[in-house]
Every structure is written in structure tokens, then in C-alpha cells.
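> Structure below; questions to follow.
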Amino acid sequence: MRHARRTLQRIVRLAAVGGLVCGSLMVSNAVASEPSGGAETRSGTTRAADPGADPAVRAMTRLGTSRTAGTWMGSAGRRVVAVTDTGAAAEVRRAGAEAKVVRYSMDRLSAATERLRAAPRVPGTAWAVDYRSNEIMMQADSTVSADDWGRMSEVAQGIGGFVTMERTAGTFTTRVNGAAPIFADTSRCSAGFNVTDGKDAYILTAGHCGPVGTAWFGDRRGNRALGSTTASSFPGDDFSLVRYDGAPSGRLDVVEIGGGQGVRITGAADPVVGQQVFRSGSTTGLRTGQVTALNATVNYPEGTVTGLIQTTVCAEPGDSGGPLLAQGLALGVTSGGNGDCTSGGVTYFQPVTEAMATLGVSLAGQSGPGAGSGSAPQTPGNAEDPGDTASPGPETVAPAVPGPPAAGGTGGVGEISGTGIVTGLASGLGPLGAVGPGLAVVITSLVLLIASRWIQSAQGRRNYRDYYSQTWA
């Protein structure tokens, strides 16, 4: 019996010591994995990811646009840089990235896109540089006539053999019409990100949703005013600001993705070709895809928009203005595209970095200057309106940005892991939420260690008493 107790005590002590070691490693890993390449908060300021910190990007900057032709994420998760000569390739490899030698430089590709822009405008066409193939991919939707197709083909042939043309199903349209959580007299859209100018709180959304002065409501009947559009740019760009009426409340830095879940937004950044991204919209919920091109141009029927992010993420009417994000970073707001979420399609996004720089605003809910009041506007969803987004449960962090309904979205917790999902009580823990599991293991191990020592001491006292009690007889 004594031998069994000693064995049990040894097991408990070994488990406690092992738990201390494992818990310490968990805490260390959690602290080390705090996002340092994304938005960082130091000395009271929040800044976006610094692309210049990437050695491959620094190498591209040194080589210049005459010897490089874009970059993308390779299948192994490493950057691939397109270069025009073997010397540039060697320098890129020394910087720690993969290199691919191509024929046309970025200068040559950019000159070609300028010639396309200078040609007579044809609604229903779009183009972007495909870094992987070192070509310019030009698309024409079903509304483009045979004559216009012929004229654009002549322009493409005059530029050179690296302009590829293809017909695409459907039409390139902005995504205004359809059910959405913010409503105006003639349009319905999704909210993007909360931003602030240091004094007031705003929704950053698509510019085509409505011009300056457009009044927005949280329900279809127009009973609950949200605010009005105070700045808008469309066409050319595609972004606008909706200033909230009244005092805001709730969380500023969380984007709802449906099902009572939200993603904490920690900063803003520019995407990379090949990067996996997520788009949230009020019509189709959470969807995922990849960035396929940057600086894309789309000739909508309403006008031409340039500098867009091209993706394989699907979207449908009502998703306009909704947020594009990855790893907790704001990337863009939904502009338009073709196709739908049944057959697939192409969707374009206005980059948020450009929009915020032009509008003079920053992401709300962040530390430092320009953070606003530290509270967020109410979610425009209205439980009385069956078409509105349902409010999250009482233990869920309430996003300030209206989000999609729980149904209809693609991508759950497992599919969007690593993007900063916050739900339930743990979402309010901030940095403690990351180290919490490790601390729990450490504390439990300490309790076990103390308990084993107490058991050993108690057993020693009993043995002492039993031994001397025999001498008393």
C-alpha cells in the first residue's frame, strides 16, 4: 500500500512538473505569435503592416520596376518575385524569396495598361496584370458587342502579344441591389469598416452605394436612422463615408461574420497576389477566395474604377461595401464584379489603405490618436425586421459593423482560423486571451504540486504518530 502511494505521489509530481514546462512553453509561444508583422500598437499609435519589412520587397525596391514585374505568394507560402534577368533573380534569392525570370518588366506592363485606359471606353470590360503569367488579362462580359470586341482586340494586338483577351459570362456590375443591413431610398449595401477622423465615427463603405447626402437607415421601413454620407468617390475610386448619428456604443474593432462571431480588426494593409482572403456581406455571408491581381481596372456601366483588388471571392447584390480581410487586417471594401455564389465569378475591391489616406481617417477602435471615443455605433440590425441581421448573443462581442446573417456563408471557425475570431467572454480578454490556456496549465500544475507536497507532509505526520504511538503502549 505504501509503495502504491509513493508511486502515485511520484506520478502526480512528475505530471505537475511536466505541466509547468508545457504551460510555460504555451505562454511563450502565445506571446511570440502576437502579430508583429501586421498592425502594431506601440507608444499609443496603431500602424498597418509594413511591406518594406519583407526582404523580398526590399530587394524589389532596390531592383526597381525596370527589372521586376510583381510578386505573389507561392504554393509553399514563400514570396515569388518576377524578375527580368538572372542577376536580379540571384539578388532576390539572396533576400530569401523565390525568383522567376520573365520577359516583360513592370514598366512595360504598366505602359500597356495606360494604353488600354487611353482607348475609347467600353462598358463591360476589365483588365489587370497577371503577375504569374507575365500578361495583361482583359475580359469582356456579355454586354460587349462584336464591334466593340473587335476594336478592343485591335488595341490589344497593337500593344503586343502579352495582352490576353477572353469573354466572360454574366455582366460586370456594382453590387447595390438586394437585401442588406443598411438601407437608403434607392440602394441597399453592406457596411465595411468603422473608421474615425478623431472626432466622429463613420462607416467606410462603397462609393457607388450613394452620393453625398444619402440618408441611411437600419431597417427597410426607414424608422431607425443610422447616419448620412458625408464623402463619396465614384467612379474613379469606389469608397464613401457614412457618419453615424448620435452617440455610438459597442465595439469598434470587430467585424461580424455571422453566427454570432466576429473578427477583431487590428490594422490595415495591402494584399498580396495569391493570398487567401475573406469577404463578409449581408446577402451571401462569409466567403473566401484568393487575390489574383492588383491595380485592376473595371469599366462599369456607371463609369470606370481603377486601382482595384481582383479576387476569386464570389459576391452578389447587397454585398457592396462589405469588408475584405485576412489575418485580422482590413484590406478592402466590395466594389463589384460578375457571377454569383452558385456559379462563381470575379469580385473587385477598393483598397482601404488608399481610401483612408484620401479621406483622412483611420480604423476606429485602435489605440492612439484618431481612435475616436473608444465606443462603437450600434449594429444596424433590427430584430423586428426579418430581413435584418440578428443581434449577437449576450456573451458575444457585439460588432459595431453590421454583418451578414448566420445562414448562407461559406467558412466557419476552422476555415477562417488565424484571422482573430472573437466570440464569447474570451473576446474581451485582449492579449490575455492568447496566453490564457498556458496560464491555466501553469496554475493547475502548481496546484497539483502543492497538493502532492501537502499529501506527502500529511502522510509523514501520520507515520510519525503511528510509530511513536506504539512506544506509548
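Chain identifiers are assigned as A, B, and so on, following the order in which chains appear in the C-alpha cells; residues are numbered from 1 within each chain, and ligands are numbered from 1 in order of appearance.
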Using DSSP on the backbone coordinates, identify the residues of range 206-299 of chain A assigned to strand (DSSP E or B); present them as an MDAnalysis selection string.
chainID A and resid 215:217 225:233 236 239:244 251:258 261:264 267:268 273 276:281 285:299
> Near range 332-342 of chain A, counting only C-alpha atoms, which residues have an atom at most 9 Å away, once you skip same-chain residues fewer than 6 positions from it, shown as number ranges by chain?
A: 141, 168-176, 190-193, 204-208, 238-239, 268-271, 279, 281, 284, 287, 298, 300, 308-310, 313-317, 319-325, 348-353, 355
> Filtering to C-alpha atoms, could you give me those residues as an mmCIF file, in the first residue's frame?

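Output (out-v7.cif):
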```
data_model
loop_
_atom_site.group_PDB
_atom_site.id
_atom_site.type_symbol
_atom_site.label_atom_id
_atom_site.label_comp_id
_atom_site.auth_asym_id
_atom_site.auth_seq_id
_atom_site.Cartn_x
_atom_site.Cartn_y
_atom_site.Cartn_z
ATOM 1 C CA ASP A 141 -18.741 40.476 -70.429
ATOM 2 C CA THR A 168 -16.743 36.077 -69.518
ATOM 3 C CA ALA A 169 -20.254 35.039 -68.575
ATOM 4 C CA GLY A 170 -22.598 37.475 -66.871
ATOM 5 C CA THR A 171 -22.005 41.209 -66.573
ATOM 6 C CA PHE A 172 -19.689 43.461 -64.583
ATOM 7 C CA THR A 173 -21.957 45.298 -62.180
ATOM 8 C CA THR A 174 -21.784 47.083 -58.889
ATOM 9 C CA ARG A 175 -23.451 45.125 -56.096
ATOM 10 C CA VAL A 176 -26.056 47.568 -54.808
ATOM 11 C CA SER A 190 -23.287 46.270 -46.571
ATOM 12 C CA ALA A 191 -21.187 48.270 -44.167
ATOM 13 C CA GLY A 192 -17.437 47.853 -44.369
ATOM 14 C CA PHE A 193 -15.181 49.009 -41.529
ATOM 15 C CA LEU A 204 -16.344 53.104 -44.634
ATOM 16 C CA THR A 205 -18.287 51.526 -47.485
ATOM 17 C CA ALA A 206 -18.542 51.575 -51.285
ATOM 18 C CA GLY A 207 -18.870 54.900 -53.076
ATOM 19 C CA HIS A 208 -21.412 53.642 -55.610
ATOM 20 C CA ASP A 238 -15.210 53.416 -55.070
ATOM 21 C CA PHE A 239 -15.414 54.489 -51.414
ATOM 22 C CA ALA A 268 -4.985 47.792 -42.400
ATOM 23 C CA ALA A 269 -2.682 46.532 -45.138
ATOM 24 C CA ASP A 270 -2.361 45.986 -48.870
ATOM 25 C CA PRO A 271 -2.940 42.396 -50.047
ATOM 26 C CA ARG A 279 -15.221 38.687 -47.612
ATOM 27 C CA GLY A 281 -21.542 40.534 -46.915
ATOM 28 C CA THR A 284 -24.135 35.826 -49.025
ATOM 29 C CA ARG A 287 -16.927 33.761 -48.363
ATOM 30 C CA VAL A 298 -13.219 47.804 -64.365
ATOM 31 C CA TYR A 300 -18.835 49.532 -65.012
ATOM 32 C CA LEU A 308 -8.909 47.670 -57.539
ATOM 33 C CA ILE A 309 -8.085 44.314 -55.920
ATOM 34 C CA GLN A 310 -9.160 41.385 -58.122
ATOM 35 C CA VAL A 313 -14.248 35.531 -53.917
ATOM 36 C CA CYS A 314 -17.871 35.469 -55.023
ATOM 37 C CA ALA A 315 -20.384 38.218 -54.265
ATOM 38 C CA GLU A 316 -23.998 39.051 -55.037
ATOM 39 C CA PRO A 317 -26.256 42.109 -54.958
ATOM 40 C CA ASP A 319 -22.767 42.657 -50.640
ATOM 41 C CA SER A 320 -21.485 46.024 -51.878
ATOM 42 C CA GLY A 321 -19.295 47.842 -49.394
ATOM 43 C CA GLY A 322 -18.753 44.744 -47.257
ATOM 44 C CA PRO A 323 -15.312 44.140 -45.743
ATOM 45 C CA LEU A 324 -12.417 42.188 -47.271
ATOM 46 C CA LEU A 325 -9.969 40.976 -44.616
ATOM 47 C CA TYR A 348 -13.239 43.544 -57.170
ATOM 48 C CA PHE A 349 -12.480 45.516 -54.016
ATOM 49 C CA GLN A 350 -11.491 49.080 -53.275
ATOM 50 C CA PRO A 351 -8.262 49.025 -51.187
ATOM 51 C CA VAL A 352 -8.890 50.501 -47.733
ATOM 52 C CA THR A 353 -5.373 51.926 -47.407
ATOM 53 C CA ALA A 355 -9.461 55.127 -49.225
#
```
> Would you mind listing what lies within 10 Å of Val57 in chain A as a PyMOL selection string, with only C-alpha atoms counted and same-chain residues fewer than 5 positions away left out?
chain A and resi 51-52+62-63+70-71+79+81+92+95+97
> Just write the chosen residues, N, CA and C atoms, as a short mmCIF file (atom, residue, chain, number, x, y, z; two decimals), in the first residue's frame.

```cif
data_model
loop_
_atom_site.label_atom_id
_atom_site.label_comp_id
_atom_site.auth_asym_id
_atom_site.auth_seq_id
_atom_site.Cartn_x
_atom_site.Cartn_y
_atom_site.Cartn_z
N PRO A 51 5.07 46.71 -45.53
CA PRO A 51 5.56 45.80 -46.57
C PRO A 51 7.06 45.92 -46.78
N GLY A 52 7.63 47.08 -46.42
CA GLY A 52 9.06 47.24 -46.59
C GLY A 52 9.87 46.39 -45.66
N ARG A 62 15.01 47.84 -54.46
CA ARG A 62 16.37 48.13 -54.94
C ARG A 62 16.48 47.89 -56.44
N LEU A 63 15.87 46.82 -56.93
CA LEU A 63 15.98 46.47 -58.35
C LEU A 63 15.16 47.41 -59.22
N GLY A 70 6.40 42.33 -60.42
CA GLY A 70 5.37 41.92 -59.47
C GLY A 70 5.79 40.75 -58.59
N THR A 71 4.98 40.48 -57.61
CA THR A 71 5.24 39.41 -56.66
C THR A 71 3.95 38.73 -56.27
N ARG A 79 7.24 34.09 -50.84
CA ARG A 79 7.06 35.06 -51.91
C ARG A 79 7.82 34.63 -53.16
N VAL A 81 9.05 36.40 -56.73
CA VAL A 81 9.24 37.69 -57.36
C VAL A 81 9.58 37.48 -58.83
N VAL A 92 17.29 38.39 -55.53
CA VAL A 92 16.04 38.04 -54.86
C VAL A 92 16.21 36.78 -54.03
N ALA A 95 17.86 37.36 -50.87
CA ALA A 95 16.96 38.02 -49.91
C ALA A 95 16.00 37.05 -49.25
N ALA A 97 13.70 34.96 -50.99
CA ALA A 97 12.47 34.70 -51.73
C ALA A 97 12.78 33.88 -52.97
#
```
> Just list the residues in range 98-227 of chain A DSSP gives alpha helix (DSSP H) on the backbone, as a count of residues only.
27
> So that I can check the surroundings of Val163 in chain A, please list as a ChimeraX atom specification every protein, DNA and RNA residue that reaches within 7 Å of it, counting only C-alpha atoms and ignoring chain neighbours fewer than 5 positions away.
/A:135-138,156
> Write out the residues from the selection above, keeping C-alpha atoms, as a tab-separated table (two decimals), in the first residue's frame.

```
chain	number	residue	atom	x	y	z
A	135	GLU	CA	0.48	39.02	-69.08
A	136	ILE	CA	-2.35	41.50	-69.03
A	137	MET	CA	-5.65	39.66	-68.77
A	138	MET	CA	-8.50	41.55	-70.43
A	156	ALA	CA	-4.58	44.60	-77.66
```
> Using only C-alpha atoms, pick whichever of A:Arg243, A:Arg251, A:Arg78, A:Arg151 has the shortest atom-to-atom distance to Leu116 in chain A.
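That would be A:Arg151, the residue with the smallest distance to Leu116 in chain A.
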> Rank A:Val122, A:Ser228, A:Ser343, A:Ile159 by their smallest atom-to-atom distance to Asp147 in chain A, using only C-alpha atoms, and report the top residue only.
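Of the candidates, the smallest distance to Asp147 in chain A is held by A:Val122.
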> What separation in Å, quoted to one decimal, exists between CA of Val195 in chain A and CA of Gly285 in chain A?
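Interatomic distance here is 21.8 Å.
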> Hey, which of A:Ala111, A:Ala82, A:Ala119, A:Val273 ends up closest to Thr311 in chain A? Count only C-alpha atoms.
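Distance minimum relative to Thr311 in chain A lands on A:Val273.
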> Restricting the calculation to only C-alpha atoms, which member of A:Gly213, A:Gly328, A:Gly161, A:Gly124 is positioned closest to Val263 in chain A?
A:Gly328
> As an exercise, work out the distance from CA of Ala118 in chain A to CA of Ser133 in chain A in Å and give it to one decimal place.
23.7 Å
> Record the distance separating CA of Val272 in chain A and CA of Ala296 in chain A, expressed in Å with one decimal.
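Distance between the two atoms: 13.3 Å.
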> Pick out the residues sitting within 9 Å of Gln275 in chain A, and hand them over as an MDAnalysis selection string; count only C-alpha atoms, and ignore anything fewer than 2 positions along from it in its own chain.
chainID A and resid 72:73 77 271:273 277 289:292 326
> Given the choices A:Asp130, A:Asp253, A:Asp185, A:Asp54, which gets closest to Pro211 in chain A if the distance is worked out from only C-alpha atoms?
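Nearest to Pro211 in chain A: A:Asp185.
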